[in-house]
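K.L.:
Contents are compact mmCIF, C-alpha atoms; file name run-v9.txt:
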```txt
# COMPACT_ATOMS: atom_id res chain seq x y z
CA MET A 1 139.00 5.77 78.86
CA ARG A 2 139.10 3.89 82.14
CA ILE A 3 135.98 2.49 83.75
CA SER A 4 135.92 5.29 86.35
CA GLU A 5 135.79 7.94 83.63
CA LEU A 6 133.11 5.94 81.79
CA GLY A 7 130.98 5.99 84.94
CA HIS A 8 131.58 9.67 85.51
CA ARG A 9 130.78 10.74 81.94
CA SER A 10 127.65 8.54 81.69
CA GLY A 11 126.25 9.48 85.09
CA VAL A 12 126.05 5.79 85.98
CA SER A 13 127.61 4.59 89.24
CA LEU A 14 130.68 2.39 89.01
CA ALA A 15 128.86 -0.52 90.67
CA THR A 16 126.08 -0.26 88.08
CA VAL A 17 128.54 -0.11 85.16
CA LYS A 18 130.13 -3.31 86.47
CA TYR A 19 126.70 -4.90 86.80
CA TYR A 20 125.87 -4.04 83.18
CA LEU A 21 129.21 -5.56 82.10
CA ARG A 22 128.53 -8.78 84.03
CA GLU A 23 125.03 -8.94 82.54
CA ARG A 24 126.46 -8.26 79.07
CA LEU A 25 124.17 -5.28 78.55
CA LEU A 26 127.43 -3.39 78.07
CA HIS A 27 130.01 -4.96 75.79
CA ALA A 28 133.43 -5.73 77.26
CA GLY A 29 136.23 -3.19 76.99
CA THR A 30 139.62 -3.85 75.43
CA ALA A 31 141.91 -5.58 77.94
CA THR A 32 145.03 -3.56 78.70
CA ALA A 33 146.25 -5.62 81.64
CA PRO A 34 145.10 -8.83 83.36
CA ASN A 35 142.57 -6.93 85.46
CA GLN A 36 142.13 -3.70 83.52
CA ALA A 37 140.32 -2.63 80.36
CA THR A 38 139.85 0.50 78.34
CA TYR A 39 136.52 1.78 77.03
CA ASP A 40 135.55 4.04 74.17
CA GLU A 41 132.65 6.16 72.88
CA THR A 42 130.63 3.06 71.93
CA HIS A 43 130.53 2.10 75.61
CA LEU A 44 129.49 5.60 76.63
CA HIS A 45 126.75 5.56 73.99
CA ARG A 46 125.46 2.19 75.17
CA LEU A 47 125.29 3.46 78.76
CA HIS A 48 123.30 6.51 77.62
CA LEU A 49 120.94 4.16 75.80
CA ILE A 50 120.45 1.93 78.86
CA ARG A 51 119.85 4.97 81.10
CA THR A 52 117.32 6.35 78.63
CA LEU A 53 115.38 3.10 78.48
CA ILE A 54 115.36 2.69 82.28
CA GLU A 55 115.01 6.28 83.50
CA VAL A 56 112.92 7.87 80.76
CA GLY A 57 111.09 4.84 79.42
CA ARG A 58 110.88 3.07 82.81
CA LEU A 59 111.67 -0.24 81.14
CA ALA A 60 112.49 -3.24 83.31
CA ILE A 61 116.03 -4.60 83.07
CA GLY A 62 114.78 -7.70 81.23
CA ASP A 63 113.26 -5.50 78.53
CA VAL A 64 116.51 -3.56 78.21
CA ARG A 65 118.20 -6.91 77.65
CA SER A 66 115.75 -7.68 74.81
CA VAL A 67 116.53 -4.32 73.20
CA VAL A 68 120.28 -4.91 73.43
CA GLU A 69 119.88 -8.38 71.93
CA ALA A 70 117.86 -6.89 69.06
CA LEU A 71 120.61 -4.32 68.48
CA GLU A 72 123.30 -6.98 68.39
CA ASN A 73 121.50 -9.65 66.37
CA PRO A 74 121.91 -8.75 62.70
CA ARG A 75 119.46 -11.44 61.58
CA ARG A 76 116.43 -9.99 63.30
CA PRO A 77 114.18 -8.31 60.70
CA ILE A 78 113.92 -4.55 61.13
CA HIS A 79 110.17 -4.67 61.36
CA GLY A 80 110.38 -7.26 64.15
CA VAL A 81 112.62 -4.97 66.18
CA LEU A 82 109.74 -2.58 66.60
CA GLY A 83 107.96 -5.39 68.41
CA VAL A 84 110.69 -5.53 71.05
CA ALA A 85 110.00 -1.94 71.99
CA HIS A 86 106.27 -2.59 71.86
CA TYR A 87 106.46 -5.55 74.21
CA ALA A 88 108.56 -3.52 76.61
CA LEU A 89 106.04 -0.66 76.62
CA ALA A 90 102.72 -2.47 76.47
CA ARG A 91 103.04 -5.89 78.04
CA GLN A 92 99.97 -6.30 80.16
CA ASP A 93 98.34 -9.25 81.85
CA GLU A 94 95.52 -10.91 80.00
CA GLY A 95 92.23 -10.31 81.76
CA ASP A 96 89.89 -13.18 82.43
CA SER A 97 86.58 -11.53 83.34
CA ALA A 98 83.51 -11.03 81.18
CA GLU A 99 84.44 -7.32 80.84
CA ASP A 100 87.88 -8.32 79.62
CA ALA A 101 86.51 -10.65 76.94
CA ALA A 102 84.06 -7.98 75.78
CA ALA A 103 86.87 -5.41 75.62
CA ASP A 104 89.08 -7.77 73.61
CA ALA A 105 86.25 -8.13 71.09
CA ASP A 106 85.75 -4.35 71.00
CA VAL A 107 89.43 -3.84 70.20
CA ASP A 108 89.19 -6.38 67.37
CA ARG A 109 86.18 -4.54 65.93
CA LEU A 110 87.82 -1.13 66.30
CA LEU A 111 90.99 -2.23 64.48
CA ALA A 112 88.93 -3.87 61.73
CA SER A 113 86.86 -0.72 61.25
CA LEU A 114 90.06 1.35 61.08
CA ARG A 115 91.53 -1.18 58.62
CA TRP A 116 94.74 -1.27 60.62
CA ARG A 117 96.82 -4.36 59.88
CA VAL A 118 97.91 -5.43 63.34
CA ASP A 119 99.05 -8.86 64.45
CA ALA A 120 96.59 -10.75 66.65
CA ARG A 121 99.23 -10.96 69.39
CA ALA A 122 100.31 -7.30 69.29
CA PRO A 123 100.85 -6.17 72.90
CA GLY A 124 99.01 -2.88 72.27
CA ARG A 125 95.77 -4.84 71.84
CA SER A 126 95.66 -6.20 75.38
CA LYS A 127 96.90 -2.92 76.85
CA LEU A 128 94.00 -1.15 75.13
CA ALA A 129 91.49 -3.82 76.13
CA ARG A 130 92.51 -3.77 79.79
CA ALA A 131 92.06 0.01 79.84
CA ILE A 132 88.59 -0.27 78.31
CA ALA A 133 87.54 -3.00 80.76
CA SER A 134 88.78 -0.89 83.68
CA LEU A 135 86.70 2.08 82.59
CA ARG A 136 83.58 -0.06 82.31
CA ARG A 137 84.06 -1.51 85.79
CA LEU A 138 84.04 2.09 87.00
CA GLY A 139 80.73 2.68 85.25
CA TRP A 140 82.02 4.57 82.23
CA THR A 141 80.35 4.09 78.87
CA VAL A 142 83.00 3.18 76.30
CA THR A 143 81.88 2.96 72.68
CA PRO A 144 83.75 3.23 69.38
CA ASP A 145 82.93 6.95 69.55
CA THR A 146 84.86 7.18 72.82
CA LEU A 147 87.93 5.66 71.21
CA LEU A 148 87.88 7.20 67.73
CA PRO A 149 89.33 10.60 68.68
CA TYR A 150 92.26 8.78 70.28
CA ALA A 151 92.63 6.43 67.32
CA ARG A 152 92.71 9.36 64.89
CA THR A 153 95.27 11.15 67.06
CA ALA A 154 97.42 8.02 67.31
CA ASP A 155 97.15 7.36 63.57
CA GLY A 156 98.28 10.89 62.76
CA ILE A 157 101.38 10.81 64.93
CA ALA A 158 102.35 7.21 64.10
CA SER A 159 102.04 7.84 60.37
CA TYR A 160 104.26 10.91 60.78
CA GLU A 161 106.77 8.93 62.85
CA VAL A 162 107.13 6.03 60.44
CA LYS A 163 107.52 8.42 57.50
CA ALA A 164 110.14 10.40 59.44
CA LEU A 165 112.42 7.38 59.84
CA PRO A 166 115.50 7.98 57.68
CA PRO A 167 115.34 6.00 54.43
CA ALA A 168 118.74 4.42 54.89
CA GLY A 169 121.47 4.12 57.45
CA SER A 170 123.27 1.30 59.14
CA ARG A 171 121.16 -1.45 60.63
CA ALA A 172 122.22 -0.49 64.17
CA GLU A 173 121.21 3.12 63.50
CA MET A 174 117.79 2.07 62.20
CA VAL A 175 117.18 -0.22 65.16
CA GLU A 176 118.22 2.39 67.69
CA ARG A 177 116.10 5.07 66.05
CA MET A 178 113.09 2.79 66.11
CA VAL A 179 113.45 1.66 69.70
CA VAL A 180 114.46 5.02 71.16
CA GLY A 181 111.88 6.81 69.06
CA THR A 182 109.11 4.51 70.22
CA VAL A 183 110.07 4.66 73.89
CA VAL A 184 111.17 8.27 74.33
CA PHE A 185 108.59 9.93 72.10
CA GLU A 186 105.86 8.14 74.02
CA GLN A 187 107.15 10.07 77.03
CA ILE A 188 107.36 13.29 75.03
CA LEU A 189 103.79 12.89 73.77
CA THR A 190 102.35 12.06 77.19
CA ALA A 191 104.28 14.89 78.89
CA LEU A 192 102.98 17.36 76.32
CA ARG A 193 99.43 16.02 76.76
CA LEU A 194 99.65 16.74 80.50
CA LEU A 195 100.98 20.24 79.86
CA ALA A 196 98.27 20.93 77.29
CA GLN A 197 95.63 19.57 79.69
CA GLU A 198 96.83 21.98 82.35
CA HIS A 199 96.63 24.86 79.89
CA HIS A 200 93.11 24.01 78.73
CA SER A 201 91.96 23.11 82.24
CA ALA A 202 93.20 26.45 83.62
CA ARG A 203 91.23 28.22 80.89
CA ARG A 204 88.08 26.29 81.75
CA PHE A 205 88.24 25.87 85.53
CA GLY A 206 90.33 28.65 86.97
CA ARG A 207 93.62 30.37 87.25
CA SER A 208 96.75 28.41 86.56
CA ARG A 209 98.00 27.29 89.94
CA ARG A 210 100.48 24.87 91.30
CA PRO A 211 99.15 21.41 90.41
CA GLY A 212 98.66 19.42 93.56
CA ALA A 213 98.34 22.52 95.72
CA MET B 214 78.05 -7.80 101.22
CA ARG B 215 80.73 -9.50 103.29
CA ILE B 216 84.41 -8.84 102.77
CA SER B 217 84.88 -12.19 100.99
CA GLU B 218 82.26 -11.28 98.38
CA LEU B 219 83.82 -7.83 98.00
CA GLY B 220 87.16 -9.47 97.25
CA HIS B 221 85.61 -11.91 94.83
CA ARG B 222 83.60 -9.31 92.90
CA SER B 223 86.48 -6.83 92.67
CA GLY B 224 89.11 -9.38 91.67
CA VAL B 225 91.27 -8.21 94.58
CA SER B 226 92.64 -10.81 97.02
CA LEU B 227 91.26 -10.79 100.55
CA ALA B 228 94.69 -9.97 102.00
CA THR B 229 94.96 -6.97 99.68
CA VAL B 230 91.44 -5.74 100.54
CA LYS B 231 92.41 -5.87 104.23
CA TYR B 232 95.62 -4.01 103.45
CA TYR B 233 93.67 -1.24 101.67
CA LEU B 234 91.33 -1.02 104.67
CA ARG B 235 94.25 -0.69 107.11
CA GLU B 236 95.85 1.93 104.87
CA ARG B 237 92.50 3.75 104.61
CA LEU B 238 92.59 3.64 100.79
CA LEU B 239 89.28 1.82 101.21
CA HIS B 240 86.75 3.32 103.61
CA ALA B 241 85.57 1.18 106.52
CA GLY B 242 82.45 -0.95 106.18
CA THR B 243 79.44 -0.75 108.48
CA ALA B 244 80.06 -2.78 111.62
CA THR B 245 77.54 -5.60 112.07
CA ALA B 246 79.28 -7.40 114.93
CA PRO B 247 82.40 -6.71 117.02
CA ASN B 248 84.65 -8.28 114.40
CA GLN B 249 82.48 -8.15 111.28
CA ALA B 250 81.42 -5.47 108.80
CA THR B 251 79.28 -5.20 105.72
CA TYR B 252 80.28 -3.48 102.49
CA ASP B 253 78.33 -1.92 99.64
CA GLU B 254 78.70 -0.79 96.03
CA THR B 255 80.78 2.24 97.07
CA HIS B 256 83.44 -0.12 98.38
CA LEU B 257 83.37 -2.19 95.20
CA HIS B 258 83.69 0.98 93.13
CA ARG B 259 86.66 2.18 95.18
CA LEU B 260 88.42 -1.17 94.70
CA HIS B 261 87.86 -0.94 90.93
CA LEU B 262 89.36 2.56 91.03
CA ILE B 263 92.43 1.43 93.01
CA ARG B 264 92.97 -1.54 90.66
CA THR B 265 92.67 0.74 87.63
CA LEU B 266 95.24 3.19 88.95
CA ILE B 267 97.69 0.44 89.91
CA GLU B 268 97.22 -2.11 87.10
CA VAL B 269 96.38 0.10 84.14
CA GLY B 270 98.07 3.35 85.18
CA ARG B 271 100.97 1.62 87.01
CA LEU B 272 100.74 4.20 89.78
CA ALA B 273 102.69 3.62 92.98
CA ILE B 274 100.66 3.04 96.13
CA GLY B 275 101.66 6.47 97.47
CA ASP B 276 100.20 8.11 94.38
CA VAL B 277 96.97 6.13 94.78
CA ARG B 278 96.82 7.50 98.31
CA SER B 279 97.12 11.06 96.96
CA VAL B 280 94.27 10.40 94.54
CA VAL B 281 92.05 9.00 97.30
CA GLU B 282 92.82 12.01 99.51
CA ALA B 283 91.89 14.32 96.65
CA LEU B 284 88.61 12.46 96.21
CA GLU B 285 87.77 12.72 99.89
CA ASN B 286 88.88 16.30 100.54
CA PRO B 287 86.03 18.58 99.48
CA ARG B 288 88.15 21.71 99.91
CA ARG B 289 90.69 20.86 97.23
CA PRO B 290 89.97 23.01 94.15
CA ILE B 291 88.89 20.97 91.13
CA HIS B 292 91.67 22.37 88.99
CA GLY B 293 94.25 21.36 91.61
CA VAL B 294 93.01 17.78 91.53
CA LEU B 295 94.28 17.45 87.98
CA GLY B 296 97.73 18.09 89.42
CA VAL B 297 97.49 15.00 91.61
CA ALA B 298 97.08 12.82 88.54
CA HIS B 299 99.85 14.74 86.78
CA TYR B 300 102.32 14.23 89.60
CA ALA B 301 101.49 10.55 89.69
CA LEU B 302 102.09 10.19 85.93
CA ALA B 303 105.01 12.50 85.33
CA ARG B 304 107.11 12.79 88.45
CA GLN B 305 110.67 12.58 87.26
CA ASP B 306 113.98 13.33 88.86
CA GLU B 307 115.46 16.71 88.15
CA GLY B 308 118.54 16.40 85.99
CA ASP B 309 121.73 18.20 86.93
CA SER B 310 123.88 18.01 83.81
CA ALA B 311 124.49 20.69 81.21
CA GLU B 312 122.17 18.81 78.81
CA ASP B 313 119.45 18.85 81.45
CA ALA B 314 119.73 22.61 82.01
CA ALA B 315 119.64 23.24 78.25
CA ALA B 316 116.58 20.99 77.90
CA ASP B 317 114.78 22.80 80.75
CA ALA B 318 115.36 26.09 78.89
CA ASP B 319 114.14 24.53 75.64
CA VAL B 320 110.92 23.44 77.32
CA ASP B 321 110.40 26.97 78.69
CA ARG B 322 110.85 28.42 75.21
CA LEU B 323 108.58 25.83 73.59
CA LEU B 324 105.74 26.49 76.04
CA ALA B 325 106.15 30.25 75.63
CA SER B 326 106.02 29.96 71.84
CA LEU B 327 102.88 27.80 72.13
CA ARG B 328 101.39 30.35 74.58
CA TRP B 329 100.45 27.52 76.92
CA ARG B 330 99.82 28.74 80.46
CA VAL B 331 101.59 26.11 82.53
CA ASP B 332 102.86 26.42 86.09
CA ALA B 333 106.65 26.61 86.43
CA ARG B 334 106.56 23.52 88.65
CA ALA B 335 104.28 21.41 86.43
CA PRO B 336 105.63 17.83 86.47
CA GLY B 337 105.18 17.49 82.70
CA ARG B 338 107.94 20.07 82.21
CA SER B 339 110.71 18.01 83.79
CA LYS B 340 109.41 14.80 82.21
CA LEU B 341 109.65 16.46 78.80
CA ALA B 342 113.06 17.98 79.54
CA ARG B 343 114.55 14.68 80.73
CA ALA B 344 113.37 13.01 77.52
CA ILE B 345 114.95 15.75 75.38
CA ALA B 346 118.25 15.56 77.29
CA SER B 347 118.30 11.78 76.88
CA LEU B 348 117.88 12.03 73.13
CA ARG B 349 120.73 14.53 72.88
CA ARG B 350 123.08 12.32 74.90
CA LEU B 351 122.37 9.66 72.27
CA GLY B 352 123.37 12.09 69.54
CA TRP B 353 119.88 13.01 68.31
CA THR B 354 119.21 16.54 67.12
CA VAL B 355 116.20 17.91 68.98
CA THR B 356 114.88 21.28 67.88
CA PRO B 357 111.49 22.97 68.25
CA ASP B 358 110.65 21.40 64.87
CA THR B 359 111.21 17.96 66.40
CA LEU B 360 108.74 18.70 69.17
CA LEU B 361 106.05 20.70 67.36
CA PRO B 362 104.24 17.74 65.74
CA TYR B 363 103.93 16.19 69.19
CA ALA B 364 102.84 19.47 70.76
CA ARG B 365 100.14 19.93 68.12
CA THR B 366 98.97 16.36 68.62
CA ALA B 367 98.90 16.79 72.40
CA ASP B 368 97.09 20.13 72.14
CA GLY B 369 94.40 18.62 69.93
CA ILE B 370 93.61 15.71 72.22
CA ALA B 371 93.89 17.70 75.47
CA SER B 372 91.60 20.42 74.17
CA TYR B 373 89.08 17.73 73.20
CA GLU B 374 89.41 16.05 76.60
CA VAL B 375 88.89 19.17 78.68
CA LYS B 376 85.87 20.16 76.56
CA ALA B 377 84.43 16.65 76.92
CA LEU B 378 84.35 16.85 80.72
CA PRO B 379 80.70 16.99 81.77
CA PRO B 380 79.64 20.54 82.66
CA ALA B 381 78.21 19.58 86.02
CA GLY B 382 78.00 16.63 88.33
CA SER B 383 78.91 15.97 91.91
CA ARG B 384 82.36 16.99 93.01
CA ALA B 385 83.40 13.34 93.49
CA GLU B 386 82.24 12.52 89.95
CA MET B 387 84.21 15.43 88.47
CA VAL B 388 87.34 14.46 90.39
CA GLU B 389 87.10 10.81 89.41
CA ARG B 390 86.48 11.65 85.77
CA MET B 391 89.51 13.91 85.74
CA VAL B 392 91.89 11.51 87.43
CA VAL B 393 90.71 8.36 85.67
CA GLY B 394 90.49 10.17 82.37
CA THR B 395 94.03 11.48 82.68
CA VAL B 396 95.53 8.16 83.76
CA VAL B 397 93.57 5.64 81.68
CA PHE B 398 93.32 7.62 78.46
CA GLU B 399 97.09 8.09 78.52
CA GLN B 400 97.24 4.29 78.31
CA ILE B 401 94.59 4.23 75.58
CA LEU B 402 96.44 6.84 73.53
CA THR B 403 99.83 5.16 73.87
CA ALA B 404 98.40 1.69 73.12
CA LEU B 405 96.74 3.05 69.97
CA ARG B 406 100.00 4.77 68.95
CA LEU B 407 101.81 1.42 69.15
CA LEU B 408 99.08 -0.28 67.11
CA ALA B 409 99.13 2.48 64.50
CA GLN B 410 102.93 2.31 64.37
CA GLU B 411 102.74 -1.40 63.66
CA HIS B 412 100.23 -0.78 60.89
CA HIS B 413 102.30 1.96 59.23
CA SER B 414 105.57 0.12 59.82
CA ALA B 415 104.19 -3.05 58.19
CA ARG B 416 103.18 -0.96 55.17
CA ARG B 417 106.64 0.53 54.91
CA PHE B 418 108.98 -2.27 55.95
CA GLY B 419 107.26 -5.55 55.25
CA ARG B 420 104.43 -7.87 55.94
CA SER B 421 102.67 -7.66 59.29
CA ARG B 422 104.30 -10.29 61.43
CA ARG B 423 104.42 -11.19 65.06
CA PRO B 424 106.22 -8.29 66.78
CA GLY B 425 109.32 -9.59 68.47
CA ALA B 426 109.49 -12.63 66.18
```
Could you spell out this file's structure in structure tokens?

P.N.:
Amino acid sequence: MRISELGHRSGVSLATVKYYLRERLLHAGTATAPNQATYDETHLHRLHLIRTLIEVGRLAIGDVRSVVEALENPRRPIHGVLGVAHYALARQDEGDSAEDAAADADVDRLLASLRWRVDARAPGRSKLARAIASLRRLGWTVTPDTLLPYARTADGIASYEVKALPPAGSRAEMVERMVVGTVVFEQILTALRLLAQEHHSARRFGRSRRPGA
Amino acid sequence: MRISELGHRSGVSLATVKYYLRERLLHAGTATAPNQATYDETHLHRLHLIRTLIEVGRLAIGDVRSVVEALENPRRPIHGVLGVAHYALARQDEGDSAEDAAADADVDRLLASLRWRVDARAPGRSKLARAIASLRRLGWTVTPDTLLPYARTADGIASYEVKALPPAGSRAEMVERMVVGTVVFEQILTALRLLAQEHHSARRFGRSRRPGA
């Protein structure tokens, strides 16, 4: 197909398709004339993937680039690919206050008590610690008991997700499943949490009404 | 305290504190001289809240403004306040493709089968539908069975969260607990999911190693 059809079918503007080509997020088409190329379903699929990461996952363009590089680099270990998605979703500044240091230590203790094997530099650690420190600055009491219901919930769904990965498949399929699954199902889980909160909140506090009204 | 101490203790730059004052996200201090004011713990608390919403929750400044308005407007029903946090977390463009319309209908059916009472305009609905449509464009099969484990997980944690809200307290306390709880515990849950994924993925695919390495 021509580039105009590629844009139309993917829902991505022509200018943006050209930008992705220049940035090599989208692989080049097959040249058919000095200034013309033809594109196929692999290009359409890649554009859907980029849109998903940006629009659903709200990833920055630099993180999309990391995902694309992981897809295209056959020497990256499968397990390491998961880290690309994790960095994109959880990268957070290190804190430097006393609350931040205390929260970092709390996260270490929580993970040890759960016996989760997690790298010391895993981006989820600092994301969790910054959230804990923020709550404490607002005067909330945060103890292991505050976090355990969330840890159990997270353990249940993550265990299910890793088991549900197909046992085989091409490397590109595995990588895409892992990245898309991590990014998009985070959105699915958090959307469903909001919907369930509304349901339970309506039962406790009043009639269901337009949120924000 | 003076504005410089307020900035120092909150970790917010002086220019940003002044910006929040101009934008009325931060309430005015008590005037002590024509061009000087003094601030107290309520101002420090508000700055911690704004930082939490922006840095941890990644809310846009307009959404922070909505939260502050909800805190300060005593006539807003408590249940409606939850909607402010939900809009801030889940606002998503409406889709206009055939996949989007099918996904909207799937979300309606899912919520009906779960018997969740959720407003037709709840922002979580379109967030969920856009995620489903994205997966389908990438060739994934998404059925109610795909979503049910996430719905059960979300129902469990949301039910716990709504029950855990303190039965009484000042209106401002209730509102802050609801908004902060919704925003920050979403981050806590998603951070823990990433950590648990790493743990289970390391067990299945290889040694724990630096993600991204």

K.L.:
Measure the distance from atom CA of Val12 of chain A to atom CA of Arg51 of chain A in Å and round it to one decimal.

P.N.:
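Taking atom CA of Val12 of chain A and atom CA of Arg51 of chain A, their separation equals 7.9 Å.
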
K.L.:
Need to verify the contact set: segment 84-89 of chain A, 10 Å, all atoms listed in the file, exclusion of same-chain residues closer than 6 positions in sequence. Can you return it as an MDAnalysis selection string?

P.N.:
(chainID A and resid 53 57:64 66:70 122:124 127 178:183 186) or (chainID B and resid 403:404 407:408 410:411 424:426)

K.L.:
Can you spit out the residues from that selection as an mmCIF file, keeping the file's coordinate frame, using C-alpha atoms?

P.N.:
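As a result, selection35.cif now contains:
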```
data_model
loop_
_atom_site.group_PDB
_atom_site.id
_atom_site.type_symbol
_atom_site.label_atom_id
_atom_site.label_comp_id
_atom_site.auth_asym_id
_atom_site.auth_seq_id
_atom_site.Cartn_x
_atom_site.Cartn_y
_atom_site.Cartn_z
ATOM 1 C CA LEU A 53 115.380 3.100 78.480
ATOM 2 C CA GLY A 57 111.090 4.840 79.420
ATOM 3 C CA ARG A 58 110.880 3.070 82.810
ATOM 4 C CA LEU A 59 111.670 -0.240 81.140
ATOM 5 C CA ALA A 60 112.490 -3.240 83.310
ATOM 6 C CA ILE A 61 116.030 -4.600 83.070
ATOM 7 C CA GLY A 62 114.780 -7.700 81.230
ATOM 8 C CA ASP A 63 113.260 -5.500 78.530
ATOM 9 C CA VAL A 64 116.510 -3.560 78.210
ATOM 10 C CA SER A 66 115.750 -7.680 74.810
ATOM 11 C CA VAL A 67 116.530 -4.320 73.200
ATOM 12 C CA VAL A 68 120.280 -4.910 73.430
ATOM 13 C CA GLU A 69 119.880 -8.380 71.930
ATOM 14 C CA ALA A 70 117.860 -6.890 69.060
ATOM 15 C CA ALA A 122 100.310 -7.300 69.290
ATOM 16 C CA PRO A 123 100.850 -6.170 72.900
ATOM 17 C CA GLY A 124 99.010 -2.880 72.270
ATOM 18 C CA LYS A 127 96.900 -2.920 76.850
ATOM 19 C CA MET A 178 113.090 2.790 66.110
ATOM 20 C CA VAL A 179 113.450 1.660 69.700
ATOM 21 C CA VAL A 180 114.460 5.020 71.160
ATOM 22 C CA GLY A 181 111.880 6.810 69.060
ATOM 23 C CA THR A 182 109.110 4.510 70.220
ATOM 24 C CA VAL A 183 110.070 4.660 73.890
ATOM 25 C CA GLU A 186 105.860 8.140 74.020
ATOM 26 C CA THR B 403 99.830 5.160 73.870
ATOM 27 C CA ALA B 404 98.400 1.690 73.120
ATOM 28 C CA LEU B 407 101.810 1.420 69.150
ATOM 29 C CA LEU B 408 99.080 -0.280 67.110
ATOM 30 C CA GLN B 410 102.930 2.310 64.370
ATOM 31 C CA GLU B 411 102.740 -1.400 63.660
ATOM 32 C CA PRO B 424 106.220 -8.290 66.780
ATOM 33 C CA GLY B 425 109.320 -9.590 68.470
ATOM 34 C CA ALA B 426 109.490 -12.630 66.180
#
```

K.L.:
Around all listed atoms of segment 82-97 of chain A, padded 4 Å per side, what centre and edge lengths does the axis-aligned box have in Å to one decimal, as AutoDock Vina command-line options?

P.N.:
```
--center_x 98.6 --center_y -6.9 --center_z 75.0 --size_x 32.1 --size_y 20.5 --size_z 24.7
```

K.L.:
I'd like to know which of A:Arg75, A:Arg65, A:Arg2, A:Arg152 is closest to Ala31 of chain A, using only C-alpha atoms.

P.N.:
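Going through A:Arg75, A:Arg65, A:Arg2, A:Arg152 one by one, the smallest distance to Ala31 of chain A is for A:Arg2.
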
K.L.:
I'd like the interatomic distance between atom CA of Arg9 of chain A and atom CA of Leu44 of chain A, to a tenth of an Å.

P.N.:
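Atom CA of Leu44 of chain A lies at a distance of 7.5 Å from atom CA of Arg9 of chain A.
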
K.L.:
Excluding same-chain residues fewer than 4 positions from segment 162-168 of chain A, what lies within 12 Å of it counting only C-alpha atoms, as a ChimeraX atom specification?

P.N.:
/A:78-79,82,155-158,172-182 /B:359,362,406-407,409-418

K.L.:
B:Thr356, B:Thr251, B:Ser383, B:Gln305: which is nearest Leu219 of chain B, counting all atoms listed in the file?

P.N.:
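The answer is B:Thr251, which sits nearest to Leu219 of chain B.
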
K.L.:
May I ask which of the residues A:Glu55, A:Thr153, A:Gly11, A:Gln187 is the closest one to Ser310 of chain B, counting only C-alpha atoms?

P.N.:
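Ranking A:Glu55, A:Thr153, A:Gly11, A:Gln187 by distance to Ser310 of chain B, first place goes to A:Gly11.
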
K.L.:
How many Å separate atom CA of Leu260 of chain B from atom CA of Ser223 of chain B?

P.N.:
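Atom-to-atom, atom CA of Leu260 of chain B and atom CA of Ser223 of chain B are spaced 6.3 Å apart.
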
K.L.:
Rank nothing, just name the residue among B:Ser226, B:Leu238, B:Gln249, B:Thr243 nearest to Leu284 of chain B, using all atoms listed in the file.

P.N.:
B:Leu238

K.L.:
Looking at B:Gly352, B:Gly296, B:Gly308, B:Pro357, which one is nearest to chain A, with distances taken over only C-alpha atoms?

P.N.:
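Checking each of B:Gly352, B:Gly296, B:Gly308, B:Pro357 against chain A, counting only C-alpha atoms, the winner is B:Gly296.
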
K.L.:
Which is closest to chain A among B:His258, B:Arg304, B:Arg349, B:Arg384, if we use all atoms listed in the file?

P.N.:
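Among the listed residues, the smallest separation from chain A belongs to B:His258.
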